[in-house]
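**Q** Got a structure for you, questions after.
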Amino acid sequence: MTAITSAAPMTDDPRRSLGSYAMIGLLVLAAALPFLVGKSGWISNFTFLQLSLMIVYAIAVLGLNLLTGFNGQISLGHGAFFAVGAYTAAILIDQYSVNAWLTLPIAAILCFVIGYLFGLPALRLEGHYLALATFGLAIAVPQMLKYRHLEPFTNGVMGINLIKPDPPFGLPLSSDQWMYLAVLVVAVFMFWMARNLLNSRPGRAMTAIRDHTMAAGTMGIDTSRYKATVFGISALYVGVAGALHAIIFEFVSPDSFRFELSIAILVGAVVGGVASLPGAVIGGIFVQFIEKYADAMTKKISQAIHLPLELQPWTLYGLTLIVLIYVMPGGIAGGLAMLWAKIKPRQGG
Amino acid sequence: MTALLEIGGLKAYYGATQALHGLAFSLDKGGITTLLGANGAGKTTTLRAICGMVRREGTIRFDGQPIDTMATEDIVRLGVAHVPEGRGTFVGLSVEENLKIASYGRRDKTHVPRDLELVFTYFPRLKERIHQQAGTLSGGEQQMLAIARALMLGPRLMLLDEPSFGLAPLIVQEIFHIMRRINEEEGVSMLLVEQNAALALDLADNAYVLETGNVVMAGPAADIRNDEGIRKSYLGY
Ligand SMILES: Nc1ncnc2c1ncn2[C@@H]1O[C@H](COP(=O)(O)OP(=O)(O)OP(=O)(O)O)[C@@H](O)[C@H]1O
Ligand SMILES: [Mg+2]
């Protein structure tokens, strides 16, 4: 019922349904990709891994988006939930031989509980203070993973090596192609759930709390319980992303989840567009792309234009960020929407 | 008449600062009472204390039932609707969604379409803008939305915090006229906080004047309106 009432002004829009057809087409194509490529190798396994990682980061960015974009709470520490999800999967697979895919719901539930419990006291904190508390989480968790008494499980600084699952039913796919497909399916499910949540009554209440917490209280919404629950859901998303990361990357170590990861997720959310689902996809691509290429690009560009001084590896990253924030304060998704709004009337007449 | 709201020895705190110092007043069922006073007198804080949005001590009874230790959402469910200072628009939601938020805390949602129709009879302007994003409404329309949203709660008491703030006189008149109709036709009692004392005294039956967290003056609105001495010394007009 709620889906009809609130989405009504949007679904009336024919462009909107066109957009959803385009989206479904794109998804079918993305899912068909590994089968089309098969063993031909015109898209390498390495590329499939890169694509998988982008999708994983998109899920993580989506998680932070739910918290920040749709509920107005900030977190500088979501890398910690990513780490918890990753280690949950790794330990369960490594020590208890649990099926890799079964670790996802377990990581999800665990991260939800931790996120909810962390969210409860954090409710009293607003703005800068919440940012600091979550930042503390990002700093503390990697250190805790090195803790000596946990070593039988975590293997300390050495981390845990895993082997990715083989494709089932004799599918004619490489394991990287299979991972890509599986990650894609999980991501579609997670995005679909997020969309349903946002279009429901609780989703509307989340947004109301973001827009004006006190007024939401005057409407009889239990704002504290809501905020803690959204914190939990947000952690759940990031935890699933972490578990997927462990499975496809076949390795976890405390140093893979340093606080830079938390910042990267936040940057992905902001660059993609903070209260936007497509923005989360763009953000995920950005996180992985920057991670991989910022360094090499900086070198290439400074050579190409014969820069007399040596640029530090992250210079390009910083500059890109500054330019993006100035040019598109609503993130790339917001920028594209504005661009579309500008060209649309001309098409009409 | 029996009292709908009875307040005694009400103290309220923001952290370590005390903003109310043992306030006492009561409100008749069905009437409109106004709470006047200079900036910083504690009017907003009083409304927040009634709804449990600040730390408070003292007794607050709503229709005989003590509500001073209740959580905000439970107080709302009893029938207290707070229209907050600054309107509190949910800017990212549509007008319709803003109005429907009120039904989220209620178990029985069958009333919603009827409530919506009722609200639109008072605020036809909002009906015209039902799908508009609330953040793009004018100030006057946002104030209407805030009152309409509170009405959606099906309240017995409305707490209104400076509904005239920042609005042109004509719109203020329109809104105050609607408030009177809601009071008379729906039987919703009102506690009205206002800077514009002349306007508030015109609408209200009773008035209290606050000064730094204490009641310094109380009486029928008409008496205060007609007493130049009181007006000059307490209300500055
Ligand atoms: N969030 C807050 N934190 C600390 N002190 C506050 C807070 N809100 C209000 N106060 C203080 O409490 C006292 C009463 O403020 P309140 O907002 O209730 O006044 P008011 O009568 O509504 O004033 P105005 O007419 O300007 O809205 C003031 O001294 C104010 O500084
Ligand atoms: Mg005030």
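Simple scheme: letters A, B, ... for chains in structure tokens order, numbers from 1 for residues in each chain, numbers from 1 for ligands in the order shown.
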Write out as JSON, numbers by chain every residue belonging to chain B that has an atom at most 10 Å from any atom of chain A, counting only C-alpha atoms.
**A** {"B": [48, 51, 52, 53, 71, 72, 73, 74, 75, 76, 77, 80, 81, 82, 83, 84, 85, 86, 87, 88, 89, 90, 91, 92, 93, 94, 96, 97, 98, 99, 100, 101, 102, 103, 104, 105, 106, 130, 131, 132, 135, 146, 149, 150, 152, 153]}
**Q** Any residue with an atom at most 9 Å from ligand 2 counts, using only C-alpha atoms and all ligand atoms. Which are they? Put them as an MDAnalysis selection string.
**A** chainID B and resid 39:45 85 161:162 193:195
**Q** Any chance you could export the current selection's C-alpha atoms as a compact mmCIF listing (two decimals), in the first residue's frame?
**A**
# COMPACT_ATOMS: atom_id res chain seq x y z
CA ASN B 39 12.78 36.15 23.99
CA GLY B 40 14.40 33.55 26.18
CA ALA B 41 11.59 33.58 28.73
CA GLY B 42 11.16 29.82 28.39
CA LYS B 43 8.08 29.49 26.20
CA THR B 44 9.56 26.98 23.78
CA THR B 45 11.11 25.09 26.65
CA GLU B 85 9.21 26.36 16.49
CA ASP B 161 5.12 27.50 18.90
CA GLU B 162 5.05 30.89 17.18
CA VAL B 193 3.13 30.52 22.21
CA GLU B 194 3.46 33.88 20.51
CA GLN B 195 5.71 36.91 20.17
**Q** Run DSSP on the backbone of this structure and report the residues of segment 61-310 of chain A it assigns to helix (DSSP H, G or I), as a PyMOL selection string.
**A** chain A and resi 61-71+78-96+100-122+127-145+148-154+156-158+175-198+201-211+213-218+223-249+254-257+259-272+277-304
**Q** Tell me which protein, DNA and RNA residues are within 8 Å of Lys29 of chain B, counting only C-alpha atoms, leaving out same-chain ones fewer than 6 positions away, and put them as a PDB file with all heavy atoms, in the first residue's frame.
**A**
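Now in around29.pdb:
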ATOM      1  N   MET B   1     -15.545  24.062  34.295  1.00  0.00           N
ATOM      2  CA  MET B   1     -14.701  23.359  33.314  1.00  0.00           C
ATOM      3  C   MET B   1     -13.577  22.598  34.009  1.00  0.00           C
ATOM      4  O   MET B   1     -13.014  23.084  34.981  1.00  0.00           O
ATOM      5  CB  MET B   1     -14.077  24.384  32.353  1.00  0.00           C
ATOM      6  CG  MET B   1     -14.876  24.538  31.077  1.00  0.00           C
ATOM      7  SD  MET B   1     -13.848  25.147  29.768  1.00  0.00           S
ATOM      8  CE  MET B   1     -14.502  26.788  29.522  1.00  0.00           C
ATOM      9  N   THR B   2     -13.256  21.428  33.498  1.00  0.00           N
ATOM     10  CA  THR B   2     -12.137  20.686  34.072  1.00  0.00           C
ATOM     11  C   THR B   2     -10.870  21.007  33.310  1.00  0.00           C
ATOM     12  O   THR B   2     -10.917  21.353  32.128  1.00  0.00           O
ATOM     13  CB  THR B   2     -12.392  19.175  33.991  1.00  0.00           C
ATOM     14  OG1 THR B   2     -12.941  18.897  32.715  1.00  0.00           O
ATOM     15  CG2 THR B   2     -13.329  18.715  35.076  1.00  0.00           C
ATOM     16  N   ALA B   3      -9.759  20.881  34.011  1.00  0.00           N
ATOM     17  CA  ALA B   3      -8.484  21.204  33.369  1.00  0.00           C
ATOM     18  C   ALA B   3      -8.045  20.052  32.475  1.00  0.00           C
ATOM     19  O   ALA B   3      -8.142  18.895  32.854  1.00  0.00           O
ATOM     20  CB  ALA B   3      -7.432  21.486  34.424  1.00  0.00           C
ATOM     21  N   LEU B   4      -7.574  20.379  31.277  1.00  0.00           N
ATOM     22  CA  LEU B   4      -7.038  19.373  30.377  1.00  0.00           C
ATOM     23  C   LEU B   4      -5.565  19.145  30.679  1.00  0.00           C
ATOM     24  O   LEU B   4      -5.059  18.027  30.626  1.00  0.00           O
ATOM     25  CB  LEU B   4      -7.209  19.832  28.925  1.00  0.00           C
ATOM     26  CG  LEU B   4      -6.716  18.878  27.852  1.00  0.00           C
ATOM     27  CD1 LEU B   4      -7.514  17.580  27.880  1.00  0.00           C
ATOM     28  CD2 LEU B   4      -6.814  19.521  26.474  1.00  0.00           C
ATOM     29  N   LEU B   5      -4.904  20.239  30.999  1.00  0.00           N
ATOM     30  CA  LEU B   5      -3.477  20.154  31.291  1.00  0.00           C
ATOM     31  C   LEU B   5      -3.211  20.886  32.605  1.00  0.00           C
ATOM     32  O   LEU B   5      -3.658  22.030  32.779  1.00  0.00           O
ATOM     33  CB  LEU B   5      -2.681  20.807  30.155  1.00  0.00           C
ATOM     34  CG  LEU B   5      -1.168  20.647  30.184  1.00  0.00           C
ATOM     35  CD1 LEU B   5      -0.770  19.217  29.887  1.00  0.00           C
ATOM     36  CD2 LEU B   5      -0.520  21.591  29.188  1.00  0.00           C
ATOM     37  N   SER B 189      -8.172  21.615  21.938  1.00  0.00           N
ATOM     38  CA  SER B 189      -7.670  22.669  22.819  1.00  0.00           C
ATOM     39  C   SER B 189      -6.299  23.115  22.324  1.00  0.00           C
ATOM     40  O   SER B 189      -5.596  22.343  21.673  1.00  0.00           O
ATOM     41  CB  SER B 189      -7.536  22.155  24.241  1.00  0.00           C
ATOM     42  OG  SER B 189      -8.725  21.523  24.638  1.00  0.00           O
TER      43      SER B 189
END
**Q** Neighbouring residues of segment 22-34 of chain A were defined as those with any atom within 12 Å, considering only C-alpha atoms; residues of the same chain fewer than 6 positions away were excluded. Please report them as a ChimeraX atom specification.
**A** /A:15-16,40-45,47-49,51-52,55,167,171-189,192,278
**Q** Quick one: of B:Leu151, B:Val215, B:Leu159, B:Leu170, who's nearest to Val112 of chain B, counting only C-alpha atoms?
**A** B:Leu151
**Q** Which residues come within 8 Å of Phe257 of chain A, counting only C-alpha atoms, excluding same-chain residues fewer than 2 positions away, as a ChimeraX atom specification?
**A** /A:79-80,82-83,142,253-255,259-261
**Q** Give me, please, the distance in Å between atom CA of Thr17 of chain B and atom CA of Arg55 of chain B, quoted to one decimal.
**A**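 Straight-line distance from atom CA of Thr17 of chain B to atom CA of Arg55 of chain B works out to 10.7 Å.
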**Q** Just to confirm, what's the straight-line distance from atom CA of Gly58 of chain B to atom CA of Leu23 of chain B in Å (one decimal)?
**A** 8.6 Å
**Q** Can you pull out the residues contacting segment 18-22 of chain B? Cut-off 10 Å, using only C-alpha atoms, and skip same-chain residues under 3 positions away; I want them as number ranges by chain.
**A** B: 7-15, 40-43, 45-46, 49, 55-59, 210-215
**Q** With N, CA and C atoms retained, export the selected residues as a PDB file, in the first residue's frame.
**A**
ATOM      1  N   ILE B   7      -0.088  21.834  35.236  1.00  0.00           N
ATOM      2  CA  ILE B   7       1.356  21.826  35.403  1.00  0.00           C
ATOM      3  C   ILE B   7       1.703  22.435  36.744  1.00  0.00           C
ATOM      4  N   GLY B   8       2.556  21.756  37.498  1.00  0.00           N
ATOM      5  CA  GLY B   8       2.954  22.273  38.798  1.00  0.00           C
ATOM      6  C   GLY B   8       4.442  22.094  39.044  1.00  0.00           C
ATOM      7  N   GLY B   9       5.073  23.117  39.554  1.00  0.00           N
ATOM      8  CA  GLY B   9       6.494  23.053  39.914  1.00  0.00           C
ATOM      9  C   GLY B   9       7.387  22.561  38.793  1.00  0.00           C
ATOM     10  N   LEU B  10       7.103  23.005  37.580  1.00  0.00           N
ATOM     11  CA  LEU B  10       7.842  22.475  36.424  1.00  0.00           C
ATOM     12  C   LEU B  10       9.213  23.139  36.273  1.00  0.00           C
ATOM     13  N   LYS B  11      10.228  22.268  36.308  1.00  0.00           N
ATOM     14  CA  LYS B  11      11.593  22.740  36.050  1.00  0.00           C
ATOM     15  C   LYS B  11      12.103  22.020  34.818  1.00  0.00           C
ATOM     16  N   ALA B  12      12.921  22.713  34.040  1.00  0.00           N
ATOM     17  CA  ALA B  12      13.494  22.063  32.857  1.00  0.00           C
ATOM     18  C   ALA B  12      14.945  22.472  32.712  1.00  0.00           C
ATOM     19  N   TYR B  13      15.722  21.564  32.158  1.00  0.00           N
ATOM     20  CA  TYR B  13      17.168  21.767  32.089  1.00  0.00           C
ATOM     21  C   TYR B  13      17.712  21.458  30.696  1.00  0.00           C
ATOM     22  N   TYR B  14      18.652  22.278  30.264  1.00  0.00           N
ATOM     23  CA  TYR B  14      19.486  21.939  29.094  1.00  0.00           C
ATOM     24  C   TYR B  14      20.872  21.652  29.638  1.00  0.00           C
ATOM     25  N   GLY B  15      21.239  20.406  29.724  1.00  0.00           N
ATOM     26  CA  GLY B  15      22.504  20.075  30.366  1.00  0.00           C
ATOM     27  C   GLY B  15      22.474  20.580  31.793  1.00  0.00           C
ATOM     28  N   GLY B  40      13.623  34.226  25.137  1.00  0.00           N
ATOM     29  CA  GLY B  40      14.398  33.552  26.176  1.00  0.00           C
ATOM     30  C   GLY B  40      13.647  33.370  27.483  1.00  0.00           C
ATOM     31  N   ALA B  41      12.359  33.694  27.492  1.00  0.00           N
ATOM     32  CA  ALA B  41      11.586  33.579  28.732  1.00  0.00           C
ATOM     33  C   ALA B  41      11.334  32.120  29.105  1.00  0.00           C
ATOM     34  N   GLY B  42      11.371  31.248  28.113  1.00  0.00           N
ATOM     35  CA  GLY B  42      11.163  29.822  28.391  1.00  0.00           C
ATOM     36  C   GLY B  42       9.895  29.254  27.788  1.00  0.00           C
ATOM     37  N   LYS B  43       9.348  29.941  26.799  1.00  0.00           N
ATOM     38  CA  LYS B  43       8.082  29.486  26.197  1.00  0.00           C
ATOM     39  C   LYS B  43       8.283  28.177  25.426  1.00  0.00           C
ATOM     40  N   THR B  45      10.699  26.135  25.718  1.00  0.00           N
ATOM     41  CA  THR B  45      11.107  25.092  26.654  1.00  0.00           C
ATOM     42  C   THR B  45       9.897  24.481  27.360  1.00  0.00           C
ATOM     43  N   THR B  46       8.917  25.323  27.694  1.00  0.00           N
ATOM     44  CA  THR B  46       7.708  24.809  28.338  1.00  0.00           C
ATOM     45  C   THR B  46       7.018  23.783  27.444  1.00  0.00           C
ATOM     46  N   ALA B  49       8.991  20.652  27.350  1.00  0.00           N
ATOM     47  CA  ALA B  49       8.909  19.909  28.610  1.00  0.00           C
ATOM     48  C   ALA B  49       7.604  19.102  28.662  1.00  0.00           C
ATOM     49  N   ARG B  55      14.956  17.478  29.607  1.00  0.00           N
ATOM     50  CA  ARG B  55      14.929  16.901  30.943  1.00  0.00           C
ATOM     51  C   ARG B  55      14.071  17.797  31.834  1.00  0.00           C
ATOM     52  N   ARG B  56      13.106  17.180  32.508  1.00  0.00           N
ATOM     53  CA  ARG B  56      12.193  18.011  33.290  1.00  0.00           C
ATOM     54  C   ARG B  56      11.868  17.361  34.623  1.00  0.00           C
ATOM     55  N   GLU B  57      11.455  18.224  35.584  1.00  0.00           N
ATOM     56  CA  GLU B  57      10.965  17.769  36.894  1.00  0.00           C
ATOM     57  C   GLU B  57       9.662  18.505  37.176  1.00  0.00           C
ATOM     58  N   GLY B  58       8.877  17.931  38.068  1.00  0.00           N
ATOM     59  CA  GLY B  58       7.604  18.560  38.410  1.00  0.00           C
ATOM     60  C   GLY B  58       6.451  17.692  37.960  1.00  0.00           C
ATOM     61  N   THR B  59       5.244  18.206  38.122  1.00  0.00           N
ATOM     62  CA  THR B  59       4.103  17.388  37.717  1.00  0.00           C
ATOM     63  C   THR B  59       3.464  17.958  36.463  1.00  0.00           C
ATOM     64  N   LEU B 210       5.249  34.781  30.830  1.00  0.00           N
ATOM     65  CA  LEU B 210       6.455  34.186  31.430  1.00  0.00           C
ATOM     66  C   LEU B 210       7.578  35.200  31.468  1.00  0.00           C
ATOM     67  N   GLU B 211       8.385  35.091  32.515  1.00  0.00           N
ATOM     68  CA  GLU B 211       9.617  35.868  32.566  1.00  0.00           C
ATOM     69  C   GLU B 211      10.678  34.966  33.167  1.00  0.00           C
ATOM     70  N   THR B 212      11.773  34.792  32.458  1.00  0.00           N
ATOM     71  CA  THR B 212      12.872  33.920  32.881  1.00  0.00           C
ATOM     72  C   THR B 212      12.405  32.685  33.648  1.00  0.00           C
ATOM     73  N   GLY B 213      11.564  31.926  33.006  1.00  0.00           N
ATOM     74  CA  GLY B 213      11.182  30.628  33.546  1.00  0.00           C
ATOM     75  C   GLY B 213      10.165  30.651  34.670  1.00  0.00           C
ATOM     76  N   ASN B 214       9.501  31.780  34.883  1.00  0.00           N
ATOM     77  CA  ASN B 214       8.457  31.858  35.908  1.00  0.00           C
ATOM     78  C   ASN B 214       7.212  32.525  35.337  1.00  0.00           C
ATOM     79  N   VAL B 215       6.045  32.117  35.844  1.00  0.00           N
ATOM     80  CA  VAL B 215       4.816  32.812  35.467  1.00  0.00           C
ATOM     81  C   VAL B 215       4.728  34.096  36.288  1.00  0.00           C
TER      82      VAL B 215
END
